[in-house]
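Source file: upload06.txt; contents: compact mmCIF, C-alpha atoms and all ligand atoms.
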```
# COMPACT_ATOMS: atom_id res chain seq x y z
CA MET J 1 179.22 1.76 58.33
CA ALA J 2 175.89 1.59 56.49
CA ARG J 3 174.10 1.93 59.89
CA SER J 4 176.11 5.02 60.82
CA ASN J 5 175.44 6.50 57.34
CA ALA J 6 171.73 5.91 57.77
CA ARG J 7 171.92 7.56 61.24
CA LEU J 8 173.73 10.50 59.67
CA VAL J 9 171.03 10.84 56.97
CA ARG J 10 168.24 10.64 59.65
CA PHE J 11 170.06 13.24 61.75
CA GLY J 12 170.49 15.50 58.72
CA PHE J 13 166.82 15.12 57.80
CA LEU J 14 165.72 15.89 61.36
CA ALA J 15 167.98 18.95 61.49
CA ALA J 16 166.59 20.21 58.15
CA LEU J 17 163.04 19.65 59.46
CA LEU J 18 163.82 21.59 62.64
CA ILE J 19 165.32 24.50 60.66
CA LEU J 20 162.25 24.51 58.41
CA CYS J 21 159.89 24.52 61.45
CA GLY J 22 161.90 27.33 63.01
CA PHE J 23 161.65 29.32 59.82
CA ILE J 24 157.87 28.83 59.58
CA LEU J 25 157.37 29.72 63.23
CA SER J 26 159.56 32.78 62.92
CA LYS J 27 157.26 34.08 60.16
CA GLY J 28 154.45 34.06 62.69
CA ALA J 29 151.53 31.68 62.90
CA THR J 30 148.92 34.38 62.35
CA SER J 31 148.80 36.68 59.39
CA SER J 32 149.09 40.38 60.07
CA TYR J 33 147.06 43.08 58.32
CA SER J 34 148.03 46.66 58.00
CA ILE J 35 146.42 49.55 56.20
CA SER J 36 148.50 52.26 54.66
CA THR J 37 146.84 55.43 55.77
CA GLY J 38 149.25 57.91 54.35
CA GLY J 39 148.85 59.77 57.61
CA GLY J 40 151.99 58.19 58.97
CA SER J 41 150.69 57.78 62.48
CA ALA J 42 148.86 54.45 62.24
CA LYS J 43 150.42 51.68 64.31
CA PRO J 44 152.47 49.18 62.27
CA ALA J 45 151.27 45.55 62.38
CA ALA J 46 152.95 43.66 65.24
CA ASP J 47 156.27 42.18 64.15
CA THR J 48 156.68 38.70 65.60
CA SER J 49 159.73 37.72 63.57
CA ASN J 50 162.51 39.08 65.72
CA ASN J 51 163.20 36.53 68.45
CA ASP J 52 166.87 37.45 68.46
CA VAL J 53 166.39 40.58 70.53
CA ASP J 54 169.57 42.42 71.40
CA GLU J 55 170.09 42.18 75.18
CA SER J 56 170.27 45.95 75.45
CA GLU J 57 166.71 46.19 74.11
CA LYS J 58 165.30 43.85 76.74
CA LYS J 59 165.37 46.45 79.51
CA ILE J 60 162.06 47.07 81.22
CA GLU J 61 160.53 50.41 80.36
CA LYS J 62 160.17 52.76 83.28
CA PRO J 63 156.50 53.52 83.94
CA ILE J 64 155.55 56.91 82.55
CA ASP J 65 154.89 59.50 85.22
CA PRO J 66 151.11 59.89 84.84
CA LYS J 67 151.30 63.66 85.38
CA LYS J 68 154.18 64.26 82.99
CA PRO J 69 153.06 65.63 79.66
CA VAL J 70 154.11 63.59 76.65
CA GLY J 71 154.04 64.61 73.02
CA ASN J 72 154.83 68.26 73.73
CA ASN J 73 158.38 67.83 75.08
CA GLY J 74 157.12 68.70 78.53
CA GLU J 75 156.46 72.26 77.42
CA LYS J 76 153.03 72.97 78.78
CA VAL J 77 151.03 75.96 77.66
CA LYS J 78 149.05 77.91 80.28
CA ALA J 79 145.77 76.39 79.23
CA THR J 80 142.67 74.82 80.70
CA PHE J 81 139.43 73.12 79.87
CA VAL J 82 136.44 75.11 81.05
CA THR J 83 132.91 73.93 81.68
CA LEU J 84 129.87 75.81 82.88
CA ALA J 85 127.53 73.37 84.57
CA ARG J 86 124.93 72.73 87.26
CA ASN J 87 125.34 70.08 89.93
CA ARG J 88 122.68 67.96 88.24
CA ASP J 89 124.69 67.95 84.98
CA VAL J 90 127.43 65.83 86.54
CA TYR J 91 126.46 62.46 85.07
CA GLU J 92 126.08 63.88 81.58
CA LEU J 93 129.37 65.67 82.03
CA VAL J 94 131.42 62.64 83.06
CA GLY J 95 130.89 61.19 79.58
CA SER J 96 132.29 64.39 78.03
CA ILE J 97 135.30 64.37 80.35
CA ARG J 98 135.97 60.73 79.56
CA GLU J 99 135.88 61.49 75.82
CA ILE J 100 138.37 64.35 76.22
CA GLU J 101 140.63 62.39 78.55
CA ASP J 102 140.68 59.20 76.45
CA ARG J 103 141.22 60.99 73.16
CA PHE J 104 143.58 63.73 74.32
CA ASN J 105 144.18 64.77 77.87
CA HIS J 106 145.52 61.50 79.31
CA ASN J 107 148.72 62.44 77.47
CA PHE J 108 148.80 66.10 78.44
CA HIS J 109 147.07 66.55 81.82
CA TYR J 110 145.74 70.03 81.35
CA ASP J 111 143.69 71.54 84.17
CA TRP J 112 139.93 71.87 84.17
CA VAL J 113 137.92 74.81 85.48
CA PHE J 114 134.29 74.22 86.43
CA LEU J 115 132.00 77.22 86.83
CA ASN J 116 128.50 77.37 88.29
CA ASP J 117 125.99 80.01 89.33
CA GLU J 118 125.57 78.01 92.58
CA GLU J 119 128.14 76.25 94.80
CA PHE J 120 129.31 72.93 93.42
CA ASP J 121 128.37 70.09 95.76
CA ASP J 122 130.75 67.41 97.00
CA GLU J 123 129.40 64.76 94.66
CA PHE J 124 130.11 66.94 91.61
CA LYS J 125 133.62 67.70 92.83
CA ARG J 126 134.43 64.11 93.80
CA ILE J 127 133.30 62.64 90.50
CA THR J 128 134.87 65.21 88.20
CA THR J 129 138.16 65.24 90.11
CA ALA J 130 138.39 61.46 89.72
CA MET J 131 137.92 61.80 85.95
CA VAL J 132 140.34 64.61 85.11
CA THR J 133 144.08 63.82 84.90
CA GLY J 134 145.04 67.47 85.40
CA LYS J 135 144.15 69.70 88.36
CA THR J 136 140.50 70.62 88.87
CA HIS J 137 139.22 74.03 89.99
CA TYR J 138 135.70 74.93 91.07
CA GLY J 139 134.34 78.45 90.88
CA THR J 140 131.10 80.17 91.77
CA ILE J 141 129.87 82.99 89.57
CA PRO J 142 129.30 86.37 91.24
CA LYS J 143 125.59 87.24 91.47
CA GLU J 144 125.95 90.44 89.43
CA GLN J 145 127.18 88.39 86.47
CA TRP J 146 124.19 86.04 86.61
CA GLY J 147 121.20 88.33 86.97
CA PHE J 148 119.41 91.21 85.32
CA PRO J 149 121.65 94.29 85.10
CA GLU J 150 119.99 97.35 86.65
CA TRP J 151 119.36 99.03 83.27
CA ILE J 152 117.17 96.14 82.09
CA ASP J 153 113.41 96.63 82.22
CA THR J 154 112.35 93.28 83.63
CA ASP J 155 108.68 93.71 82.60
CA LYS J 156 109.73 94.26 79.02
CA ALA J 157 111.99 91.19 79.25
CA ALA J 158 109.10 89.11 80.66
CA ALA J 159 106.83 90.18 77.79
CA VAL J 160 109.51 89.07 75.31
CA ARG J 161 109.76 85.65 76.96
CA LYS J 162 105.98 85.21 76.83
CA ASP J 163 105.92 86.12 73.15
CA MET J 164 108.80 83.77 72.37
CA ARG J 165 107.10 80.95 74.27
CA GLU J 166 103.99 81.40 72.13
CA ARG J 167 106.12 81.44 68.98
CA LYS J 168 107.86 78.27 70.23
CA ILE J 169 111.34 79.73 69.89
CA ILE J 170 113.90 77.37 71.38
CA TYR J 171 114.83 78.46 74.94
CA GLY J 172 112.78 81.61 74.15
CA ASP J 173 111.03 81.59 77.54
CA SER J 174 114.07 80.72 79.65
CA ILE J 175 115.66 83.22 82.02
CA SER J 176 118.57 80.96 83.02
CA TYR J 177 119.50 80.28 79.38
CA ARG J 178 119.79 84.04 78.86
CA HIS J 179 122.04 84.40 81.92
CA MET J 180 124.11 81.53 80.58
CA CYS J 181 124.48 83.16 77.14
CA ARG J 182 125.41 86.51 78.67
CA TYR J 183 127.92 84.88 81.02
CA GLU J 184 129.60 82.87 78.25
CA SER J 185 129.68 85.99 76.08
CA GLY J 186 131.11 88.42 78.55
CA PHE J 187 132.38 86.95 81.78
CA PHE J 188 133.77 83.41 81.81
CA PHE J 189 137.25 84.64 80.82
CA ARG J 190 137.27 87.16 83.68
CA HIS J 191 136.64 84.62 86.43
CA PRO J 192 139.58 84.72 88.90
CA LEU J 193 140.21 81.00 88.29
CA MET J 194 140.72 81.73 84.60
CA GLU J 195 143.24 84.51 85.16
CA GLN J 196 146.21 82.12 85.37
CA PHE J 197 145.51 80.77 81.85
CA ASP J 198 146.20 82.01 78.32
CA TYR J 199 144.20 79.43 76.35
CA TYR J 200 140.97 77.52 76.95
CA TRP J 201 138.93 74.69 75.52
CA ARG J 202 135.21 74.81 76.25
CA VAL J 203 133.47 71.53 76.94
CA GLU J 204 129.76 70.88 77.51
CA PRO J 205 127.91 67.89 78.95
CA GLY J 206 126.86 65.21 76.45
CA ILE J 207 129.50 65.76 73.76
CA LYS J 208 131.67 63.24 71.95
CA ILE J 209 135.19 63.44 70.56
CA TYR J 210 135.46 60.90 67.74
CA CYS J 211 139.18 60.87 66.94
CA ASP J 212 142.51 60.53 68.72
CA ILE J 213 144.18 63.88 69.19
CA ASP J 214 147.83 62.96 69.53
CA TYR J 215 149.30 66.46 69.44
CA ASP J 216 149.13 69.22 72.04
CA VAL J 217 146.25 71.34 70.76
CA PHE J 218 147.19 74.29 72.95
CA LYS J 219 150.81 74.28 71.87
CA TYR J 220 149.65 73.96 68.28
CA PHE J 221 147.48 77.04 68.82
CA LYS J 222 150.32 78.97 70.39
CA ASP J 223 152.90 77.97 67.78
CA ASN J 224 150.55 78.93 64.95
CA ASN J 225 149.23 82.07 66.63
CA PHE J 226 145.64 80.83 66.30
CA ALA J 227 143.09 82.68 68.41
CA TYR J 228 139.84 80.80 67.80
CA GLY J 229 139.08 77.22 66.78
CA PHE J 230 135.81 75.53 65.85
CA THR J 231 134.41 72.24 64.58
CA ILE J 232 130.87 73.07 63.43
CA SER J 233 129.30 76.19 61.94
CA LEU J 234 125.72 76.96 60.87
CA PRO J 235 123.29 79.89 60.59
CA GLU J 236 121.67 81.21 63.78
CA TYR J 237 117.85 81.33 64.19
CA LYS J 238 117.10 84.87 63.08
CA GLU J 239 114.23 85.18 65.61
CA THR J 240 116.72 85.11 68.48
CA ILE J 241 118.86 88.01 67.14
CA PRO J 242 116.64 90.52 65.26
CA THR J 243 118.79 93.56 66.14
CA LEU J 244 122.20 92.02 66.87
CA TRP J 245 123.67 93.04 63.52
CA GLU J 246 122.24 96.57 63.59
CA THR J 247 123.75 97.02 67.06
CA THR J 248 127.07 95.59 65.84
CA LYS J 249 127.12 97.93 62.86
CA LYS J 250 126.56 100.91 65.13
CA PHE J 251 129.46 99.76 67.29
CA ILE J 252 131.74 99.39 64.26
CA ASP J 253 130.73 102.79 62.91
CA GLU J 254 131.71 104.34 66.21
CA ASN J 255 134.88 102.21 66.57
CA PRO J 256 136.15 101.36 63.07
CA GLN J 257 139.70 100.89 64.37
CA TYR J 258 138.77 97.52 65.90
CA VAL J 259 137.95 95.80 62.61
CA ASP J 260 141.03 93.98 61.33
CA LYS J 261 142.06 94.91 57.80
CA ASN J 262 142.19 91.23 56.89
CA SER J 263 139.08 90.24 58.86
CA MET J 264 136.77 87.39 57.92
CA LYS J 265 133.81 89.71 57.51
CA ASP J 266 132.98 87.96 54.23
CA PHE J 267 132.24 84.83 56.26
CA ILE J 268 129.44 86.48 58.25
CA SER J 269 128.02 88.73 55.54
CA ASP J 270 127.11 87.97 51.92
CA ASP J 271 126.65 91.62 50.97
CA GLY J 272 129.77 93.41 52.16
CA GLY J 273 128.52 93.94 55.69
CA SER J 274 125.06 95.34 55.05
CA SER J 275 123.37 92.26 56.57
CA TYR J 276 124.38 89.29 58.74
CA ASN J 277 124.00 85.89 57.11
CA GLY J 278 123.71 84.21 60.53
CA CYS J 279 126.84 82.07 60.16
CA HIS J 280 128.32 81.36 63.55
CA PHE J 281 130.81 78.97 65.07
CA TRP J 282 128.96 76.55 67.31
CA SER J 283 130.35 77.62 70.65
CA ASN J 284 129.64 74.47 72.66
CA PHE J 285 133.09 73.56 71.29
CA GLU J 286 135.66 76.31 71.39
CA VAL J 287 139.43 76.37 71.62
CA GLY J 288 140.68 79.89 72.02
CA ASP J 289 143.26 82.42 73.03
CA LEU J 290 141.79 84.22 76.04
CA SER J 291 143.44 87.47 75.03
CA LEU J 292 140.85 87.73 72.25
CA TRP J 293 138.08 88.15 74.85
CA ARG J 294 140.28 90.24 77.16
CA SER J 295 141.12 92.69 74.38
CA GLU J 296 139.90 96.28 74.49
CA ALA J 297 137.95 95.70 71.26
CA TYR J 298 135.99 92.77 72.65
CA LEU J 299 135.42 94.18 76.13
CA LYS J 300 133.99 97.35 74.61
CA TYR J 301 131.94 95.38 72.11
CA PHE J 302 130.44 93.18 74.81
CA ASP J 303 129.66 96.19 76.96
CA TYR J 304 127.95 97.87 74.03
CA LEU J 305 125.80 94.81 73.36
CA ASP J 306 125.05 94.41 77.05
CA GLN J 307 123.88 98.02 77.35
CA ALA J 308 121.65 97.53 74.31
CA GLY J 309 119.88 94.79 76.28
CA GLY J 310 119.53 92.15 73.55
CA PHE J 311 120.55 89.30 75.87
CA PHE J 312 117.17 89.89 77.60
CA TYR J 313 114.96 91.77 75.09
CA GLU J 314 115.84 89.19 72.45
CA ARG J 315 117.78 86.01 73.07
CA TRP J 316 121.27 86.73 71.82
CA GLY J 317 123.45 83.65 72.03
CA ASP J 318 127.12 83.58 72.97
CA ALA J 319 127.79 81.74 69.69
CA PRO J 320 126.84 84.59 67.31
CA VAL J 321 128.37 87.16 69.67
CA HIS J 322 131.72 85.34 69.84
CA SER J 323 131.63 84.53 66.12
CA ILE J 324 130.91 88.07 64.97
CA ALA J 325 133.71 89.37 67.20
CA ALA J 326 136.21 86.74 66.00
CA ALA J 327 135.27 87.36 62.36
CA LEU J 328 135.65 91.13 62.68
CA PHE J 329 138.47 91.69 65.16
CA LEU J 330 140.87 88.94 64.10
CA PRO J 331 142.86 88.54 60.91
CA ARG J 332 141.35 85.57 59.12
CA GLU J 333 144.44 83.37 59.48
CA ARG J 334 143.97 83.32 63.26
CA ILE J 335 140.70 81.37 62.95
CA HIS J 336 141.18 77.62 62.76
CA PHE J 337 138.80 74.91 61.59
CA PHE J 338 139.50 71.55 63.26
CA ASP J 339 139.00 69.00 60.49
CA ASP J 340 140.68 66.22 62.43
CA VAL J 341 139.14 65.88 65.91
CA GLY J 342 135.63 64.62 65.16
CA TYR J 343 132.94 66.10 67.38
CA TYR J 344 129.32 65.63 68.35
CA HIS J 345 126.86 67.77 70.24
CA VAL J 346 123.23 66.98 69.68
CA PRO J 347 122.15 67.06 66.85
CA PHE J 348 125.25 67.64 64.65
CA HIS J 349 128.31 65.56 63.91
CA ASN J 350 131.70 66.55 62.64
CA CYS J 351 133.23 63.34 61.25
CA PRO J 352 136.33 63.79 59.05
CA VAL J 353 135.33 62.81 55.51
CA ASP J 354 138.93 62.12 54.53
CA GLN J 355 139.51 58.42 55.10
CA LYS J 356 143.23 58.94 55.71
CA VAL J 357 142.42 61.22 58.64
CA ARG J 358 139.74 58.89 60.03
CA LEU J 359 141.92 55.80 59.97
CA SER J 360 145.11 57.37 61.25
CA HIS J 361 143.23 59.02 64.12
CA ARG J 362 141.05 55.99 64.92
CA CYS J 363 137.85 57.99 64.50
CA SER J 364 134.71 56.19 65.66
CA CYS J 365 132.13 57.92 63.48
CA ASN J 366 130.30 57.49 60.22
CA PRO J 367 131.33 60.06 57.59
CA LYS J 368 127.78 59.90 56.20
CA ASP J 369 126.68 61.70 59.38
CA ASP J 370 129.18 64.50 58.86
CA PHE J 371 127.57 67.95 58.80
CA THR J 372 130.63 69.86 57.54
CA PHE J 373 129.78 69.88 53.82
CA LYS J 374 126.00 69.63 54.02
CA GLY J 375 124.12 72.50 52.35
CA TYR J 376 123.12 74.12 55.65
CA SER J 377 126.68 74.13 57.05
CA CYS J 378 128.59 77.41 57.03
CA VAL J 379 131.89 75.52 56.77
CA ASN J 380 131.30 75.51 52.99
CA ARG J 381 131.43 79.29 53.15
CA TYR J 382 134.52 79.17 55.40
CA TYR J 383 136.34 77.13 52.73
CA LYS J 384 135.13 79.45 49.97
CA VAL J 385 136.01 82.82 51.49
CA ASN J 386 139.42 81.56 52.59
CA GLN J 387 140.05 79.83 49.25
CA LEU J 388 140.78 76.52 50.91
CA LYS J 389 140.75 73.17 49.16
CA LYS J 390 138.09 70.81 50.44
CA PRO J 391 139.25 67.28 51.33
CA ASP J 392 139.16 64.57 48.69
CA GLY J 393 135.76 62.98 48.24
CA TRP J 394 133.81 65.68 50.11
CA GLN J 395 131.08 65.71 47.42
CA GLN J 396 130.07 62.23 48.49
CA TYR J 397 129.10 63.65 51.92
CA GLY J 398 127.39 66.90 50.85
CA ASP J 399 123.66 66.95 50.01
N1 LIG K 1 125.55 76.60 86.11
C1 LIG K 1 124.69 76.60 85.11
N2 LIG K 1 125.05 76.13 83.92
C2 LIG K 1 124.14 76.13 82.92
C3 LIG K 1 122.81 76.61 83.08
N3 LIG K 1 122.15 76.47 81.90
C4 LIG K 1 123.03 75.94 81.04
N4 LIG K 1 124.23 75.72 81.61
C5 LIG K 1 125.47 75.21 81.01
O1 LIG K 1 125.68 76.00 79.87
C6 LIG K 1 126.07 75.22 78.75
C7 LIG K 1 125.02 75.35 77.64
O2 LIG K 1 123.80 74.82 78.08
P1 LIG K 1 123.02 73.70 77.29
O3 LIG K 1 121.83 73.33 78.10
O4 LIG K 1 123.96 72.60 76.91
O5 LIG K 1 122.55 74.51 76.00
P2 LIG K 1 122.50 74.07 74.46
O6 LIG K 1 123.77 73.33 74.16
O7 LIG K 1 122.41 75.37 73.73
O8 LIG K 1 121.27 73.24 74.29
C8 LIG K 1 126.25 73.81 79.28
O9 LIG K 1 127.62 73.65 79.65
C9 LIG K 1 125.35 73.77 80.50
O10 LIG K 1 125.82 72.84 81.44
C10 LIG K 1 122.44 77.10 84.39
O11 LIG K 1 121.34 77.54 84.64
N5 LIG K 1 123.43 77.07 85.36
MG MG K 2 124.80 71.88 75.16
```
Take the structure from the file and write it as structure tokens.
Amino acid sequence: MARSNARLVRFGFLAALLILCGFILSKGATSSYSISTGGGSAKPAADTSNNDVDESEKKIEKPIDPKKPVGNNGEKVKATFVTLARNRDVYELVGSIREIEDRFNHNFHYDWVFLNDEEFDDEFKRITTAMVTGKTHYGTIPKEQWGFPEWIDTDKAAAVRKDMRERKIIYGDSISYRHMCRYESGFFFRHPLMEQFDYYWRVEPGIKIYCDIDYDVFKYFKDNNFAYGFTISLPEYKETIPTLWETTKKFIDENPQYVDKNSMKDFISDDGGSSYNGCHFWSNFEVGDLSLWRSEAYLKYFDYLDQAGGFFYERWGDAPVHSIAAALFLPRERIHFFDDVGYYHVPFHNCPVDQKVRLSHRCSCNPKDDFTFKGYSCVNRYYKVNQLKKPDGWQQYGD
């Protein structure tokens, strides 16, 4: 009797020990660590406690169709990435494509249009097609869009380049850079390959995207009726655009109907439009509604600038040309500042200063490098003229 009681006690003790072990194990051997980001999209720490999984939850997930868009309910906007590049740019470009794909496009599979003033070679096509998860398209630029128009005095243009070389103005002596700026200003959106699209995102070689973009940027643009989006803004070198503003003012005087009554003119001028403060959206990154560039206002404006010859007699960039047009022809609410994507093109960084944004979007950048609120950045002015509230803690990252 005593023996069987002792056996019962041993059995009871063993059972209690087993239950205790089970309980400890079920709590998980490793500790988990989670940060509350407030953004709501950070992944929860792995939950190892639920070993009693309902049978119905054990089913194997079907593999996701790699070409099926996720995160936008399958509703794809007619949109594309677009890159102007030379064949030799391919290895600098693959890094940019990888950044865009890893941070955004692997979920959405938007197409990519590549444009070049020469034929793309097989190596360029093979490599870029392997990198892009959407369809790729390759276009050659017609000669008349990448050359001196017949009304340009090429001797005068050559004298300008010589002078700019002596004054060490960046790209001041380059012919191809001028063709590039003119093409990006006035023609990329008219290429036949672009005709099927309503929205675009411009990408250059050597850029970085620092944060996860888990929403469909194009759908976001469409839903919000945005027409132009930027990440970095700064003043243009005045030496490259001595008469751009005078020419613009003449155009506006002749065509006042094109200036929107709620335009963001106060972003580009500090004195009511008398002079240009140089603020421009850095156009190596652009997300936009192509109908802005296809509008009568812009087509006429570009033509006016082109006739004036400043792409060759000066060195007008596509960034100030696009920016002035967006600031004048659009209502201000159609211009969008991306404070959440994180972006780099030498030498400036956009790194969200708001920690909540950085953590929830897994941004891989140092906010101390952020240019957004530095003294030289025009984004300060963008916040001011639009009466926007700067993110918490921005002062820490200004100068
Ligand atoms: N096809 C072609 N693309 C060019 C040429 N020059 C510049 N680009 C492209 O135009 C864009 C701007 O040129 P980039 O050298 O990056 O100028 P930066 O960013 O102002 O220093 C990039 O996408 C280049 O790949 C050219 O002569 N031919
Ligand atoms: Mg560049």
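The interatomic distance for the pair atom CA of Lys300 of chain J and atom CA of Lys249 of chain J works out to 13.6 Å.
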Counting only C-alpha atoms, what is within 12 Å of Lys384 of chain J, bar same-chain residues fewer than 4 positions away, as a PyMOL selection string? chain J and resi 264+266-267+270+373+378-380+388-390
Computed gap from atom CA of Trp201 of chain J to atom CA of Cys365 of chain J is 21.7 Å
With only C-alpha atoms and all ligand atoms counted and 7 Å as the cut-off, give the residues of chain J in contact with ligand LIG 1 (chain K), each with its shortest interatomic distance in Å and the pair that gives it, as a tab-separated table.
```
residue	atom	partner	partner_atom	distance
J:Thr83	CA	K:LIG1	O9	5.7
J:Leu84	CA	K:LIG1	O9	4.5
J:Ala85	CA	K:LIG1	O10	3.6
J:Arg86	CA	K:LIG1	N1	4.1
J:Asp89	CA	K:LIG1	O10	6.1
J:Leu115	CA	K:LIG1	N1	6.5
J:Asn116	CA	K:LIG1	N1	3.7
J:Asp117	CA	K:LIG1	N1	4.7
J:Glu118	CA	K:LIG1	N1	6.6
J:Ser176	CA	K:LIG1	O11	4.7
J:Tyr177	CA	K:LIG1	N3	5.3
J:Met180	CA	K:LIG1	N3	5.6
J:Val203	CA	K:LIG1	O9	6.8
J:Glu204	CA	K:LIG1	O9	4.1
J:Pro205	CA	K:LIG1	O9	5.8
J:Asn284	CA	K:LIG1	O6	6.2
```
Please produce a file of the residues just selected, as a PDB file, in the coordinates of the input, where the atoms kept are C-alpha atoms.
```pdb
ATOM      1  CA  THR J  83     132.910  73.930  81.680  1.00  0.00           C
ATOM      2  CA  LEU J  84     129.870  75.810  82.880  1.00  0.00           C
ATOM      3  CA  ALA J  85     127.530  73.370  84.570  1.00  0.00           C
ATOM      4  CA  ARG J  86     124.930  72.730  87.260  1.00  0.00           C
ATOM      5  CA  ASP J  89     124.690  67.950  84.980  1.00  0.00           C
ATOM      6  CA  LEU J 115     132.000  77.220  86.830  1.00  0.00           C
ATOM      7  CA  ASN J 116     128.500  77.370  88.290  1.00  0.00           C
ATOM      8  CA  ASP J 117     125.990  80.010  89.330  1.00  0.00           C
ATOM      9  CA  GLU J 118     125.570  78.010  92.580  1.00  0.00           C
ATOM     10  CA  SER J 176     118.570  80.960  83.020  1.00  0.00           C
ATOM     11  CA  TYR J 177     119.500  80.280  79.380  1.00  0.00           C
ATOM     12  CA  MET J 180     124.110  81.530  80.580  1.00  0.00           C
ATOM     13  CA  VAL J 203     133.470  71.530  76.940  1.00  0.00           C
ATOM     14  CA  GLU J 204     129.760  70.880  77.510  1.00  0.00           C
ATOM     15  CA  PRO J 205     127.910  67.890  78.950  1.00  0.00           C
ATOM     16  CA  ASN J 284     129.640  74.470  72.660  1.00  0.00           C
TER      17      ASN J 284
END
```
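Atom CA of Tyr138 of chain J is positioned 28.1 Å from atom CA of Ile232 of chain J.
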Hey, which of J:Glu286, J:Asp122, J:Glu75, J:Asp303 ends up closest to Phe338 of chain J? Count all atoms listed in the file. J:Glu286
List as a ChimeraX atom specification the protein and nucleic acid residues near His361 of chain J, meaning an atom at most 8 Å away when only C-alpha atoms are counted, but skip any in the same chain fewer than 2 places from it. /J:41-42,211-213,340,357-359,363
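Distances from J:Val160, J:Val259, J:Ile100, J:Ala319 to ligand MG 2 (chain K) were compared using all atoms listed in the file, and the smallest one belongs to J:Ala319.
The smallest atom-to-atom distance between Met164 of chain J and any of J:Thr240, J:Thr80, J:Ser295, J:Asn262, using all atoms listed in the file, is found for J:Thr240.
Counting all atoms listed in the file, the residue from J:Asn366, J:Arg178, J:Ile209, J:Leu93 that sits nearest to ligand MG 2 (chain K) is J:Leu93.
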Neighbour list for Glu239 of chain J as a ChimeraX atom specification, cut-off 9 Å, all atoms listed in the file, skip fewer than 6 positions in-chain: /J:164,169,314-315
Within 12 Å of (137.9, 76.5, 94.4), only C-alpha atoms: residues as a PDB file with C-alpha atoms, keeping the file's coordinate frame?
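Produced file part.pdb, reproduced below:
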```pdb
ATOM      1  CA  TRP J 112     139.930  71.870  84.170  1.00  0.00           C
ATOM      2  CA  VAL J 113     137.920  74.810  85.480  1.00  0.00           C
ATOM      3  CA  PHE J 114     134.290  74.220  86.430  1.00  0.00           C
ATOM      4  CA  LEU J 115     132.000  77.220  86.830  1.00  0.00           C
ATOM      5  CA  ASN J 116     128.500  77.370  88.290  1.00  0.00           C
ATOM      6  CA  GLU J 119     128.140  76.250  94.800  1.00  0.00           C
ATOM      7  CA  PHE J 120     129.310  72.930  93.420  1.00  0.00           C
ATOM      8  CA  ASP J 121     128.370  70.090  95.760  1.00  0.00           C
ATOM      9  CA  ASP J 122     130.750  67.410  97.000  1.00  0.00           C
ATOM     10  CA  LYS J 125     133.620  67.700  92.830  1.00  0.00           C
ATOM     11  CA  LYS J 135     144.150  69.700  88.360  1.00  0.00           C
ATOM     12  CA  THR J 136     140.500  70.620  88.870  1.00  0.00           C
ATOM     13  CA  HIS J 137     139.220  74.030  89.990  1.00  0.00           C
ATOM     14  CA  TYR J 138     135.700  74.930  91.070  1.00  0.00           C
ATOM     15  CA  GLY J 139     134.340  78.450  90.880  1.00  0.00           C
ATOM     16  CA  THR J 140     131.100  80.170  91.770  1.00  0.00           C
ATOM     17  CA  ILE J 141     129.870  82.990  89.570  1.00  0.00           C
ATOM     18  CA  HIS J 191     136.640  84.620  86.430  1.00  0.00           C
ATOM     19  CA  PRO J 192     139.580  84.720  88.900  1.00  0.00           C
ATOM     20  CA  LEU J 193     140.210  81.000  88.290  1.00  0.00           C
ATOM     21  CA  MET J 194     140.720  81.730  84.600  1.00  0.00           C
TER      22      MET J 194
END
```
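Minimum atom-to-atom distances from J:Lys156, J:Arg294, J:Lys238, J:Lys168 to Phe187 of chain J were compared using all atoms listed in the file, and the lowest value belongs to J:Arg294.
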Determine the nearest neighbour of ligand MG 2 (chain K) from the options J:Gln145, J:Gln387, J:Gln307, J:Ser96, counting all atoms listed in the file. J:Ser96
C-alpha atoms of segment 171-194 of chain J from block above, as a tab-separated table (two decimals), in the first residue's frame:
```
chain	number	residue	atom	x	y	z
J	171	TYR	CA	28.53	70.28	-67.47
J	172	GLY	CA	28.96	73.78	-68.98
J	173	ASP	CA	31.02	72.50	-71.92
J	174	SER	CA	28.94	69.40	-72.66
J	175	ILE	CA	26.81	69.10	-75.78
J	176	SER	CA	25.28	65.73	-74.84
J	177	TYR	CA	24.21	67.01	-71.41
J	178	ARG	CA	22.31	69.81	-73.15
J	179	HIS	CA	20.58	67.34	-75.48
J	180	MET	CA	19.71	65.28	-72.42
J	181	CYS	CA	18.21	68.28	-70.59
J	182	ARG	CA	16.21	69.33	-73.63
J	183	TYR	CA	14.96	65.78	-74.19
J	184	GLU	CA	13.89	65.31	-70.56
J	185	SER	CA	12.22	68.72	-70.65
J	186	GLY	CA	10.28	68.38	-73.84
J	187	PHE	CA	10.20	64.94	-75.37
J	188	PHE	CA	10.41	61.88	-73.11
J	189	PHE	CA	6.64	61.88	-72.54
J	190	ARG	CA	5.99	61.95	-76.30
J	191	HIS	CA	7.99	58.83	-77.10
J	192	PRO	CA	5.65	56.23	-78.71
J	193	LEU	CA	6.54	53.74	-75.95
J	194	MET	CA	5.26	56.20	-73.36
```
